[in-house]
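Student: Here you go, this is protein-v8.txt (compact mmCIF, C-alpha atoms and all ligand atoms).
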```
# COMPACT_ATOMS: atom_id res chain seq x y z
CA MET A 1 92.05 -109.28 173.03
CA ALA A 2 92.44 -105.50 173.54
CA ARG A 3 89.60 -103.12 174.22
CA ALA A 4 89.66 -99.55 175.53
CA PHE A 5 87.09 -97.70 177.60
CA LEU A 6 87.56 -93.95 177.82
CA PHE A 7 85.30 -92.05 180.21
CA VAL A 8 85.33 -88.23 180.21
CA LEU A 9 84.06 -86.57 183.37
CA ASP A 10 83.08 -83.33 181.65
CA SER A 11 84.82 -80.36 183.35
CA PHE A 12 86.58 -82.35 186.11
CA GLY A 13 89.83 -80.36 186.07
CA ILE A 14 92.56 -80.70 188.69
CA GLY A 15 94.12 -77.21 188.51
CA GLY A 16 97.68 -76.29 187.63
CA ALA A 17 97.43 -75.31 183.95
CA PRO A 18 100.63 -73.40 183.16
CA ASP A 19 98.72 -70.96 180.91
CA ALA A 20 95.74 -70.46 183.26
CA ALA A 21 96.59 -66.78 183.80
CA SER A 22 96.07 -65.96 180.14
CA PHE A 23 92.48 -67.19 180.54
CA GLY A 24 91.97 -65.24 183.78
CA ASP A 25 91.88 -68.61 185.55
CA GLU A 26 95.12 -68.71 187.55
CA GLY A 27 94.44 -70.64 190.74
CA SER A 28 91.25 -72.32 189.51
CA ASP A 29 91.07 -75.97 190.55
CA THR A 30 87.79 -77.83 190.15
CA PHE A 31 88.73 -80.94 192.16
CA GLY A 32 90.94 -79.18 194.72
CA HIS A 33 88.40 -76.49 195.49
CA ILE A 34 85.48 -78.92 195.76
CA GLU A 35 87.54 -81.12 198.08
CA ALA A 36 88.55 -78.15 200.24
CA ALA A 37 85.02 -76.72 200.34
CA CYS A 38 83.60 -80.10 201.40
CA ALA A 39 86.26 -80.44 204.11
CA ARG A 40 85.11 -77.07 205.49
CA GLY A 41 81.47 -78.22 205.50
CA GLU A 42 80.65 -76.00 202.52
CA GLY A 43 79.61 -78.98 200.44
CA ASP A 44 76.78 -79.87 202.78
CA ALA A 45 73.24 -79.73 201.41
CA ALA A 46 70.25 -81.10 203.26
CA GLY A 47 69.01 -84.34 201.78
CA LEU A 48 71.87 -84.46 199.24
CA ARG A 49 75.23 -85.01 200.93
CA ARG A 50 77.47 -83.84 203.76
CA GLY A 51 81.06 -83.86 205.01
CA PRO A 52 84.39 -84.50 203.26
CA LEU A 53 84.36 -85.55 199.60
CA GLN A 54 84.11 -89.34 199.37
CA VAL A 55 85.58 -90.64 196.11
CA PRO A 56 87.54 -93.70 197.33
CA ASN A 57 87.57 -95.55 194.02
CA MET A 58 89.02 -92.65 192.03
CA ARG A 59 91.49 -92.00 194.84
CA ALA A 60 92.57 -95.65 194.68
CA LEU A 61 93.30 -95.21 190.98
CA GLY A 62 95.46 -92.17 191.82
CA LEU A 63 93.21 -89.08 191.71
CA GLY A 64 95.00 -87.44 194.63
CA HIS A 65 98.38 -88.23 193.06
CA ALA A 66 97.33 -86.82 189.68
CA ALA A 67 96.14 -83.63 191.41
CA ALA A 68 99.46 -83.36 193.24
CA LEU A 69 101.32 -83.76 189.92
CA ALA A 70 99.13 -81.06 188.35
CA THR A 71 99.46 -78.48 191.11
CA GLY A 72 102.72 -79.20 192.91
CA ARG A 73 100.88 -79.99 196.13
CA PRO A 74 102.47 -82.75 198.27
CA MET A 75 101.81 -86.32 197.13
CA PRO A 76 99.21 -88.13 199.22
CA ALA A 77 100.58 -91.00 201.29
CA GLU A 78 97.94 -93.55 200.23
CA ALA A 79 98.86 -96.41 197.90
CA THR A 80 97.28 -96.56 194.46
CA SER A 81 96.27 -99.47 192.29
CA GLY A 82 96.00 -97.77 188.90
CA PHE A 83 98.19 -95.63 186.66
CA HIS A 84 97.81 -91.89 186.88
CA ALA A 85 98.95 -88.69 185.21
CA ALA A 86 98.06 -85.03 184.93
CA ALA A 87 97.56 -83.79 181.37
CA THR A 88 98.08 -80.28 180.02
CA GLU A 89 95.94 -78.88 177.20
CA THR A 90 97.74 -77.44 174.19
CA SER A 91 94.63 -76.37 172.28
CA SER A 92 93.96 -72.65 172.21
CA GLY A 93 90.46 -72.95 173.77
CA LYS A 94 89.14 -74.37 177.02
CA ASP A 95 85.93 -75.62 175.40
CA THR A 96 84.45 -79.10 175.10
CA PRO A 97 85.27 -79.82 171.43
CA SER A 98 88.88 -78.63 171.83
CA GLY A 99 89.32 -80.81 174.92
CA HIS A 100 87.75 -83.90 173.38
CA TRP A 101 89.47 -83.56 170.00
CA GLU A 102 92.82 -83.19 171.76
CA ILE A 103 92.05 -86.27 173.91
CA ALA A 104 91.34 -88.02 170.59
CA GLY A 105 94.77 -87.05 169.27
CA LEU A 106 93.93 -83.77 167.51
CA PRO A 107 94.98 -80.58 169.32
CA VAL A 108 93.16 -77.47 168.10
CA ARG A 109 95.91 -75.03 167.21
CA PHE A 110 93.77 -72.47 165.34
CA ASP A 111 91.69 -69.85 167.13
CA TRP A 112 87.94 -70.33 167.20
CA GLY A 113 85.69 -67.34 166.65
CA TYR A 114 84.31 -65.78 169.82
CA PHE A 115 81.70 -63.11 170.50
CA PRO A 116 82.51 -60.06 172.62
CA ASP A 117 80.95 -59.68 176.05
CA THR A 118 78.83 -56.75 174.88
CA ARG A 119 75.13 -56.16 174.17
CA PRO A 120 74.52 -57.02 171.41
CA ALA A 121 77.07 -59.82 171.36
CA PHE A 122 76.31 -61.07 167.83
CA PRO A 123 77.25 -59.06 164.72
CA ALA A 124 74.23 -57.33 163.13
CA ASP A 125 74.57 -59.12 159.79
CA PHE A 126 74.56 -62.52 161.50
CA THR A 127 71.47 -61.63 163.54
CA GLU A 128 69.66 -60.25 160.49
CA ALA A 129 70.45 -63.36 158.45
CA LEU A 130 69.29 -65.65 161.26
CA ILE A 131 66.00 -63.75 161.52
CA ARG A 132 65.45 -63.73 157.75
CA GLU A 133 66.58 -67.28 156.92
CA GLY A 134 65.19 -68.75 160.13
CA ASP A 135 61.84 -66.99 159.58
CA ILE A 136 61.61 -65.71 163.16
CA PRO A 137 60.25 -62.36 164.41
CA GLY A 138 63.53 -61.38 166.11
CA ILE A 139 65.82 -62.65 168.86
CA LEU A 140 66.02 -62.03 172.61
CA ALA A 141 69.06 -61.72 174.91
CA ASN A 142 71.88 -61.41 172.33
CA CYS A 143 74.53 -61.42 175.09
CA HIS A 144 76.82 -63.57 177.22
CA ALA A 145 74.66 -65.44 179.72
CA SER A 146 74.20 -68.46 181.91
CA GLY A 147 71.65 -70.79 180.32
CA THR A 148 69.36 -71.13 183.30
CA GLY A 149 69.41 -67.41 184.16
CA VAL A 150 68.68 -66.39 180.59
CA ILE A 151 65.50 -68.47 180.31
CA GLU A 152 64.34 -67.16 183.65
CA GLU A 153 64.85 -63.62 182.36
CA PHE A 154 63.52 -63.96 178.82
CA GLY A 155 61.41 -67.17 178.83
CA GLU A 156 58.03 -65.50 179.29
CA GLU A 157 58.78 -62.88 176.63
CA HIS A 158 59.87 -65.71 174.33
CA ILE A 159 56.53 -67.49 174.77
CA ARG A 160 54.65 -64.22 174.18
CA THR A 161 56.59 -63.06 171.12
CA GLY A 162 57.94 -66.24 169.54
CA LYS A 163 61.44 -64.72 169.50
CA PRO A 164 64.10 -67.34 170.40
CA ILE A 165 66.63 -66.57 173.15
CA CYS A 166 70.13 -66.37 171.64
CA TYR A 167 73.18 -66.18 173.89
CA THR A 168 76.83 -67.11 174.09
CA SER A 169 79.66 -67.50 176.63
CA SER A 170 83.45 -67.39 176.69
CA ASP A 171 83.26 -70.55 174.55
CA SER A 172 82.97 -70.47 170.80
CA VAL A 173 79.22 -71.05 170.87
CA ILE A 174 75.85 -69.73 169.77
CA GLN A 175 73.16 -71.13 172.04
CA ILE A 176 69.51 -70.90 171.06
CA ALA A 177 66.93 -71.52 173.79
CA ALA A 178 63.29 -71.98 172.82
CA HIS A 179 60.21 -73.55 174.34
CA GLU A 180 59.80 -77.19 173.37
CA GLU A 181 56.04 -76.90 172.88
CA HIS A 182 55.25 -73.22 172.20
CA PHE A 183 58.10 -72.83 169.71
CA GLY A 184 58.53 -76.52 168.88
CA LEU A 185 61.51 -78.83 169.19
CA GLU A 186 61.95 -79.64 165.49
CA ARG A 187 61.59 -75.95 164.63
CA LEU A 188 64.34 -75.15 167.12
CA TYR A 189 66.62 -77.82 165.61
CA GLU A 190 65.93 -76.44 162.12
CA LEU A 191 66.75 -72.91 163.31
CA CYS A 192 70.02 -74.24 164.76
CA ARG A 193 70.87 -75.85 161.41
CA THR A 194 70.38 -72.43 159.80
CA GLY A 195 72.49 -70.88 162.57
CA ARG A 196 75.15 -73.56 162.00
CA ARG A 197 75.39 -72.64 158.32
CA LEU A 198 75.69 -68.93 159.14
CA ALA A 199 78.18 -69.58 161.95
CA ASP A 200 80.66 -71.34 159.65
CA ALA A 201 81.85 -68.00 158.28
CA LEU A 202 82.52 -66.82 161.84
CA ASN A 203 84.53 -69.95 162.73
CA ILE A 204 82.18 -70.80 165.60
CA GLY A 205 82.69 -74.24 167.17
CA ARG A 206 79.11 -75.09 168.08
CA VAL A 207 75.52 -74.01 167.71
CA ILE A 208 73.54 -75.52 170.58
CA ALA A 209 69.78 -76.05 170.80
CA ARG A 210 68.58 -75.49 174.37
CA PRO A 211 64.92 -76.51 174.57
CA PHE A 212 63.01 -75.86 177.77
CA ILE A 213 59.55 -76.39 179.24
CA GLY A 214 57.42 -74.64 181.89
CA GLU A 215 55.11 -71.65 181.72
CA THR A 216 56.56 -69.05 184.08
CA ALA A 217 59.97 -67.76 185.14
CA SER A 218 59.77 -69.78 188.34
CA ASP A 219 59.22 -73.15 186.67
CA PHE A 220 61.16 -73.08 183.41
CA GLU A 221 63.34 -76.17 183.08
CA ARG A 222 65.74 -77.25 180.37
CA THR A 223 65.02 -80.67 178.90
CA PRO A 224 67.47 -83.43 177.91
CA ASN A 225 66.74 -82.67 174.22
CA ARG A 226 69.74 -80.37 173.98
CA LYS A 227 71.48 -80.87 170.65
CA ASP A 228 74.90 -79.63 169.58
CA PHE A 229 75.64 -78.76 165.96
CA ALA A 230 79.43 -78.89 165.89
CA THR A 231 81.84 -78.07 163.14
CA PRO A 232 83.68 -81.26 162.08
CA PRO A 233 87.28 -81.83 163.25
CA PRO A 234 89.70 -80.46 160.62
CA GLU A 235 91.85 -83.61 160.54
CA PRO A 236 91.23 -87.27 161.35
CA THR A 237 90.81 -88.05 165.03
CA LEU A 238 91.40 -91.32 166.87
CA LEU A 239 87.75 -92.12 166.13
CA ASP A 240 88.29 -91.84 162.36
CA ARG A 241 91.52 -93.81 162.58
CA LEU A 242 89.78 -96.61 164.47
CA THR A 243 86.70 -96.82 162.27
CA ASP A 244 88.89 -96.61 159.12
CA ALA A 245 90.76 -99.64 160.50
CA GLY A 246 87.46 -101.52 160.81
CA ARG A 247 87.15 -101.07 164.56
CA LYS A 248 83.98 -99.97 166.32
CA VAL A 249 83.69 -96.73 168.27
CA LEU A 250 80.76 -97.00 170.67
CA ALA A 251 79.88 -93.46 171.74
CA VAL A 252 77.93 -92.66 174.88
CA GLY A 253 76.32 -89.27 175.63
CA LYS A 254 77.52 -86.15 173.84
CA ILE A 255 80.45 -87.82 172.07
CA GLY A 256 78.58 -88.12 168.76
CA ASP A 257 77.69 -84.42 168.68
CA ILE A 258 81.18 -83.32 169.74
CA PHE A 259 82.78 -85.12 166.79
CA ALA A 260 80.05 -84.00 164.36
CA HIS A 261 79.15 -87.71 164.15
CA ARG A 262 82.39 -88.60 162.39
CA GLY A 263 84.13 -91.84 163.32
CA ILE A 264 81.17 -93.04 165.38
CA SER A 265 79.87 -96.59 164.85
CA ASP A 266 77.17 -96.63 167.45
CA LEU A 267 75.62 -93.87 169.57
CA ARG A 268 73.82 -94.13 172.89
CA LYS A 269 72.33 -91.06 174.54
CA ALA A 270 70.85 -90.85 178.01
CA PRO A 271 69.29 -88.07 180.08
CA ASN A 272 71.69 -87.94 183.04
CA ASN A 273 75.01 -89.23 184.39
CA MET A 274 73.58 -92.35 186.01
CA ALA A 275 71.66 -93.35 182.89
CA MET A 276 74.84 -92.68 180.91
CA PHE A 277 76.74 -94.94 183.28
CA ASP A 278 74.20 -97.67 182.52
CA ALA A 279 74.66 -97.02 178.80
CA ALA A 280 78.46 -97.09 179.16
CA LEU A 281 78.30 -100.44 180.98
CA ALA A 282 76.07 -101.84 178.26
CA ALA A 283 78.55 -100.62 175.62
CA MET A 284 81.42 -102.21 177.55
CA ARG A 285 79.60 -105.53 177.50
CA GLU A 286 79.00 -105.27 173.76
CA ALA A 287 82.42 -103.97 172.64
CA GLY A 288 84.49 -106.48 170.70
CA ASP A 289 88.21 -107.02 170.24
CA GLY A 290 89.92 -103.80 169.15
CA ASP A 291 86.93 -101.55 169.89
CA LEU A 292 86.68 -98.29 171.86
CA VAL A 293 83.89 -97.20 174.18
CA PHE A 294 84.05 -93.41 174.48
CA ALA A 295 81.66 -91.91 177.05
CA ASN A 296 81.02 -88.34 178.18
CA PHE A 297 79.38 -87.56 181.53
CA VAL A 298 78.06 -84.06 181.03
CA ASP A 299 76.14 -83.38 184.25
CA PHE A 300 79.31 -82.39 186.13
CA ASP A 301 79.71 -79.47 183.76
CA THR A 302 76.20 -78.48 182.79
CA ASN A 303 74.30 -79.01 186.01
CA PHE A 304 76.97 -78.20 188.58
CA GLY A 305 80.15 -76.54 187.21
CA HIS A 306 78.42 -73.81 185.19
CA ARG A 307 75.83 -73.46 187.93
CA ARG A 308 78.63 -72.94 190.50
CA ASP A 309 77.01 -75.59 192.68
CA VAL A 310 79.61 -77.18 195.00
CA PRO A 311 77.30 -79.63 196.84
CA GLY A 312 75.75 -80.72 193.54
CA TYR A 313 79.16 -81.28 191.91
CA ALA A 314 80.42 -83.17 194.99
CA ALA A 315 77.31 -85.37 195.07
CA ALA A 316 77.66 -86.11 191.36
CA LEU A 317 81.33 -87.12 191.85
CA GLU A 318 80.36 -89.36 194.76
CA ALA A 319 77.56 -90.99 192.75
CA PHE A 320 79.93 -91.59 189.81
CA ASP A 321 82.65 -92.93 192.08
CA ALA A 322 80.25 -95.32 193.79
CA ARG A 323 79.46 -96.91 190.42
CA LEU A 324 83.05 -97.26 189.28
CA PRO A 325 83.36 -100.82 190.70
CA GLU A 326 80.66 -101.89 188.23
CA ALA A 327 82.89 -100.79 185.34
CA LEU A 328 86.00 -102.30 186.94
CA ALA A 329 84.19 -105.63 187.29
CA LEU A 330 83.69 -105.75 183.52
CA LEU A 331 87.41 -105.48 182.73
CA GLY A 332 88.84 -108.65 181.25
CA ASP A 333 92.25 -109.56 179.87
CA GLY A 334 93.52 -106.91 177.47
CA ASP A 335 91.04 -104.26 178.59
CA MET A 336 92.04 -100.75 179.59
CA LEU A 337 89.77 -98.25 181.38
CA MET A 338 90.81 -94.59 181.47
CA LEU A 339 89.07 -91.68 183.18
CA THR A 340 89.85 -88.13 182.19
CA ALA A 341 88.29 -84.70 181.63
CA ASP A 342 88.12 -82.10 178.85
CA HIS A 343 88.69 -78.81 180.80
CA GLY A 344 87.80 -77.40 184.21
CA CYS A 345 84.64 -75.68 185.45
CA ASP A 346 85.49 -74.76 189.01
CA PRO A 347 82.23 -74.27 190.92
CA THR A 348 83.96 -71.91 193.36
CA TRP A 349 85.28 -69.66 190.59
CA ARG A 350 83.98 -66.24 189.49
CA GLY A 351 81.48 -66.10 186.62
CA THR A 352 79.91 -69.21 185.11
CA ASP A 353 82.44 -70.22 182.45
CA HIS A 354 84.92 -73.08 182.07
CA THR A 355 88.31 -72.77 183.77
CA ARG A 356 91.67 -73.55 182.16
CA GLU A 357 93.09 -76.48 184.12
CA ARG A 358 95.05 -79.65 183.80
CA VAL A 359 92.97 -82.83 183.79
CA PRO A 360 93.41 -86.18 185.54
CA VAL A 361 94.29 -89.33 183.65
CA LEU A 362 93.42 -92.37 185.75
CA GLY A 363 93.48 -95.88 184.44
CA THR A 364 93.70 -99.56 185.07
CA GLY A 365 93.30 -102.92 183.45
CA PRO A 366 94.15 -106.55 184.18
CA GLY A 367 97.87 -107.04 183.69
CA LEU A 368 98.61 -103.32 183.30
CA ASP A 369 101.16 -101.77 185.61
CA GLY A 370 100.12 -98.92 187.87
CA GLY A 371 102.07 -95.89 188.97
CA PRO A 372 102.84 -92.36 187.84
CA MET A 373 102.87 -91.45 184.16
CA GLY A 374 103.97 -87.90 184.92
CA VAL A 375 102.69 -84.57 183.68
CA ARG A 376 101.69 -85.14 180.07
CA THR A 377 102.37 -82.22 177.76
CA SER A 378 99.21 -82.78 175.71
CA PHE A 379 95.80 -84.42 176.14
CA ALA A 380 96.74 -86.15 172.86
CA ASP A 381 98.90 -88.56 174.89
CA ILE A 382 95.64 -90.12 176.06
CA GLY A 383 94.44 -90.89 172.53
CA GLU A 384 97.88 -92.08 171.46
CA THR A 385 98.03 -94.46 174.42
CA VAL A 386 94.61 -95.83 173.45
CA ALA A 387 95.76 -96.13 169.81
CA GLU A 388 98.84 -98.14 170.77
CA HIS A 389 96.84 -100.27 173.19
CA LEU A 390 94.37 -101.10 170.42
CA GLY A 391 97.19 -101.76 167.95
CA ILE A 392 96.61 -99.02 165.39
CA ALA A 393 99.30 -96.79 163.86
CA PRO A 394 100.37 -93.67 165.80
CA GLY A 395 98.83 -90.34 164.83
CA LYS A 396 100.56 -87.02 164.16
CA TYR A 397 100.31 -85.59 167.68
CA GLY A 398 100.96 -86.75 171.22
CA THR A 399 103.09 -89.48 172.76
CA SER A 400 101.79 -92.83 173.94
CA PHE A 401 102.77 -93.97 177.43
CA ARG A 402 101.45 -97.48 176.72
CA ALA A 403 104.96 -99.00 176.90
CA LYS A 404 105.28 -97.80 180.50
CA LEU A 405 102.23 -99.89 181.40
CA SER A 406 103.96 -102.93 179.93
CA GLY A 407 101.48 -105.70 180.84
CA ASN A 408 100.08 -107.66 177.93
CA ALA A 409 100.52 -105.14 175.09
O1 LIG B 1 75.03 -71.80 180.79
P1 LIG B 1 74.84 -72.92 179.83
O2 LIG B 1 73.71 -72.71 178.86
O3 LIG B 1 74.74 -74.28 180.51
O4 LIG B 1 76.10 -72.88 178.88
C1 LIG B 1 77.24 -73.64 178.97
O5 LIG B 1 77.12 -74.65 178.02
C2 LIG B 1 77.85 -74.33 176.89
C3 LIG B 1 78.24 -75.55 176.16
O6 LIG B 1 78.89 -76.49 176.99
C4 LIG B 1 79.02 -73.55 177.40
O7 LIG B 1 79.51 -72.68 176.44
C5 LIG B 1 78.49 -72.86 178.59
O8 LIG B 1 78.22 -71.54 178.35
MN MN B 2 83.06 -79.98 178.46
MN MN B 3 80.44 -76.49 179.62
```
Output the file's structure as structure tokens, nothing else.
Tutor:
Amino acid sequence: MARAFLFVLDSFGIGGAPDAASFGDEGSDTFGHIEAACARGEGDAAGLRRGPLQVPNMRALGLGHAAALATGRPMPAEATSGFHAAATETSSGKDTPSGHWEIAGLPVRFDWGYFPDTRPAFPADFTEALIREGDIPGILANCHASGTGVIEEFGEEHIRTGKPICYTSSDSVIQIAAHEEHFGLERLYELCRTGRRLADALNIGRVIARPFIGETASDFERTPNRKDFATPPPEPTLLDRLTDAGRKVLAVGKIGDIFAHRGISDLRKAPNNMAMFDAALAAMREAGDGDLVFANFVDFDTNFGHRRDVPGYAAALEAFDARLPEALALLGDGDMLMLTADHGCDPTWRGTDHTRERVPVLGTGPGLDGGPMGVRTSFADIGETVAEHLGIAPGKYGTSFRAKLSGNA
């Protein structure tokens, strides 16, 4: 019996990307900088957490060792029980779909479309078409922005005028924020579908609905009804290869949206990391022989990385780590659990965007050997290792390290 459980801690980079400078991100290190900030007492927040970062379960799997591999820092002295590696992204973007598709064996070699950091950010013909075809009185913002700041700035005007708030970032995205009740959730989704159609010509990765509630700038709050309208992967991913082979892919969280719902057998969404952990555990219990549970934990990125919130990110890591034994307890013969990430989002870094970093690969399973798996030259090695573990044919990209785990392959 072989099953695989792949958990993505969204944005949990470990520094050291060789091409970080070309993204303006040289020196960024999500894990390293959170750890250092906490050690200095800069991760303290009343009622939330305090002191050095406490992630003993991920450290036992080899988190510190993976970070040392990624950055060239000295190896920690502590022993590890799992296998660990640092993985390098080969895709041209540091966005969520690129990271996840590459993890699933499909590096993104083409360039996505991006919008310039100007006002307006969107080309006039796109904006005009969105207004006309979306039947809206205009748009607000039309710039690069942080999602919480932009609703604070334009939310009241949006309620007054009915004009949705459209913004972007250094990712290939068009984000549309609108009030869940005043504008309407279904109307927002429909507008995003129109935006998705128009965005295809611009090669934009995702159109994202960002509904919010509240009545004034001081109490606007985004709701969990975010929805991503992604362009489909241009070639088969591990998910397609598995489902084509009759296996199940049980997706948890954003995974369905990220893969444009291709190669997904079963989808479970939940409003926050802890609820997603519950959903991931339930999927682990239900997965059968040859199946994959693929979970994304988005709060790290959305609530803390982009918000440049060190105590929040540290607390979220500690909460995740504290629940890891529950997942480990569900591992039976032939099972493999791997933790990884899709890019960085260093909460100590300038701006509010993702950061180009290497990611950790931490794993374990009964009968699998532990130890270092080196610096992997593509995230695709993760998907290929899962593919070999589950006994399906290799894909076109990446190199499996499954043989190095020997065990009961
Ligand atoms: O600031 P918010 O709206 O959270 O936006 C972030 O979320 C988007 C999608 O992950 C990213 O492109 C980033 O800009
Ligand atoms: Mn992400
Ligand atoms: Mn993000």
Student: At a cut-off of 9 Å, using only C-alpha atoms, what residues contact Phe126 of chain A? Leave out same-chain residues fewer than 6 positions from it and give the result as a PyMOL selection string.
Tutor: chain A and resi 195+198-199
Student: Given a cut-off of 9 Å, what residues near ligand MN 2 (chain B) show up using all atoms listed in the file, put as a list in words?
Tutor: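 Those residues are Val8, Leu9, Asp10, Ser11, Phe12, Lys94, Asp95, Thr96, Pro97, Ser98, Gly99, His100, Asn296, Phe297, Val298, Phe300, Asp301, Thr302, Ala341, Asp342, His343, Gly344, Cys345 and His354 of chain A.
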Student: Closest to ligand MN 3 (chain B) among A:Val173, A:Leu292, A:Ala68, A:Ala104, using all atoms listed in the file?
Tutor: A:Val173
Student: What gap, in Å, lies between atom CA of Glu186 of chain A and atom CA of Pro211 of chain A?
Tutor: 10.1 Å
Student: I'd like the contact shell of Phe183 of chain A - 9 Å cut-off, all atoms listed in the file, skipping same-chain residues fewer than 4 positions apart - returned as an MDAnalysis selection string.
Tutor: chainID A and resid 158:159 162:164 178:179 187:188
Student: Restricting the calculation to all atoms listed in the file, which member of A:Gly149, A:Pro360, A:Pro366, A:Pro271 is positioned closest to ligand LIG 1 (chain B)?
Tutor: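 Of all the options, A:Gly149 lies closest to ligand LIG 1 (chain B).
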Student: Take segment 190-207 of chain A, model N, CA and C atoms, and hand the result over as a compact mmCIF listing (two decimals), keeping the file's coordinate frame.
Tutor:
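File selection-v8.txt, as written:
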```txt
# COMPACT_ATOMS: atom_id res chain seq x y z
N GLU A 190 65.78 -76.98 163.48
CA GLU A 190 65.93 -76.44 162.12
C GLU A 190 66.58 -75.05 162.17
N LEU A 191 66.16 -74.25 163.15
CA LEU A 191 66.75 -72.91 163.31
C LEU A 191 68.25 -73.03 163.62
N CYS A 192 68.60 -74.03 164.44
CA CYS A 192 70.02 -74.24 164.76
C CYS A 192 70.81 -74.67 163.54
N ARG A 193 70.17 -75.46 162.66
CA ARG A 193 70.87 -75.85 161.41
C ARG A 193 71.15 -74.62 160.56
N THR A 194 70.17 -73.70 160.51
CA THR A 194 70.38 -72.43 159.80
C THR A 194 71.50 -71.65 160.48
N GLY A 195 71.45 -71.58 161.81
CA GLY A 195 72.49 -70.88 162.57
C GLY A 195 73.85 -71.51 162.32
N ARG A 196 73.89 -72.83 162.24
CA ARG A 196 75.15 -73.56 162.00
C ARG A 196 75.77 -73.11 160.67
N ARG A 197 74.92 -73.05 159.65
CA ARG A 197 75.39 -72.64 158.32
C ARG A 197 75.97 -71.22 158.39
N LEU A 198 75.24 -70.33 159.05
CA LEU A 198 75.69 -68.93 159.14
C LEU A 198 76.94 -68.79 160.02
N ALA A 199 77.07 -69.67 161.00
CA ALA A 199 78.18 -69.58 161.95
C ALA A 199 79.50 -70.04 161.35
N ASP A 200 79.42 -70.83 160.26
CA ASP A 200 80.66 -71.34 159.65
C ASP A 200 81.59 -70.20 159.27
N ALA A 201 81.02 -69.13 158.73
CA ALA A 201 81.85 -68.00 158.28
C ALA A 201 82.52 -67.30 159.46
N LEU A 202 81.97 -67.48 160.66
CA LEU A 202 82.52 -66.82 161.84
C LEU A 202 83.43 -67.76 162.63
N ASN A 203 83.62 -68.99 162.10
CA ASN A 203 84.53 -69.95 162.73
C ASN A 203 84.06 -70.35 164.14
N ILE A 204 82.76 -70.48 164.29
CA ILE A 204 82.18 -70.80 165.60
C ILE A 204 82.12 -72.31 165.78
N GLY A 205 82.60 -72.80 166.92
CA GLY A 205 82.69 -74.24 167.17
C GLY A 205 81.34 -74.94 167.18
N ARG A 206 80.39 -74.37 167.93
CA ARG A 206 79.11 -75.09 168.08
C ARG A 206 77.92 -74.15 168.09
N VAL A 207 76.82 -74.64 167.51
CA VAL A 207 75.52 -74.01 167.71
C VAL A 207 74.74 -75.02 168.55
```
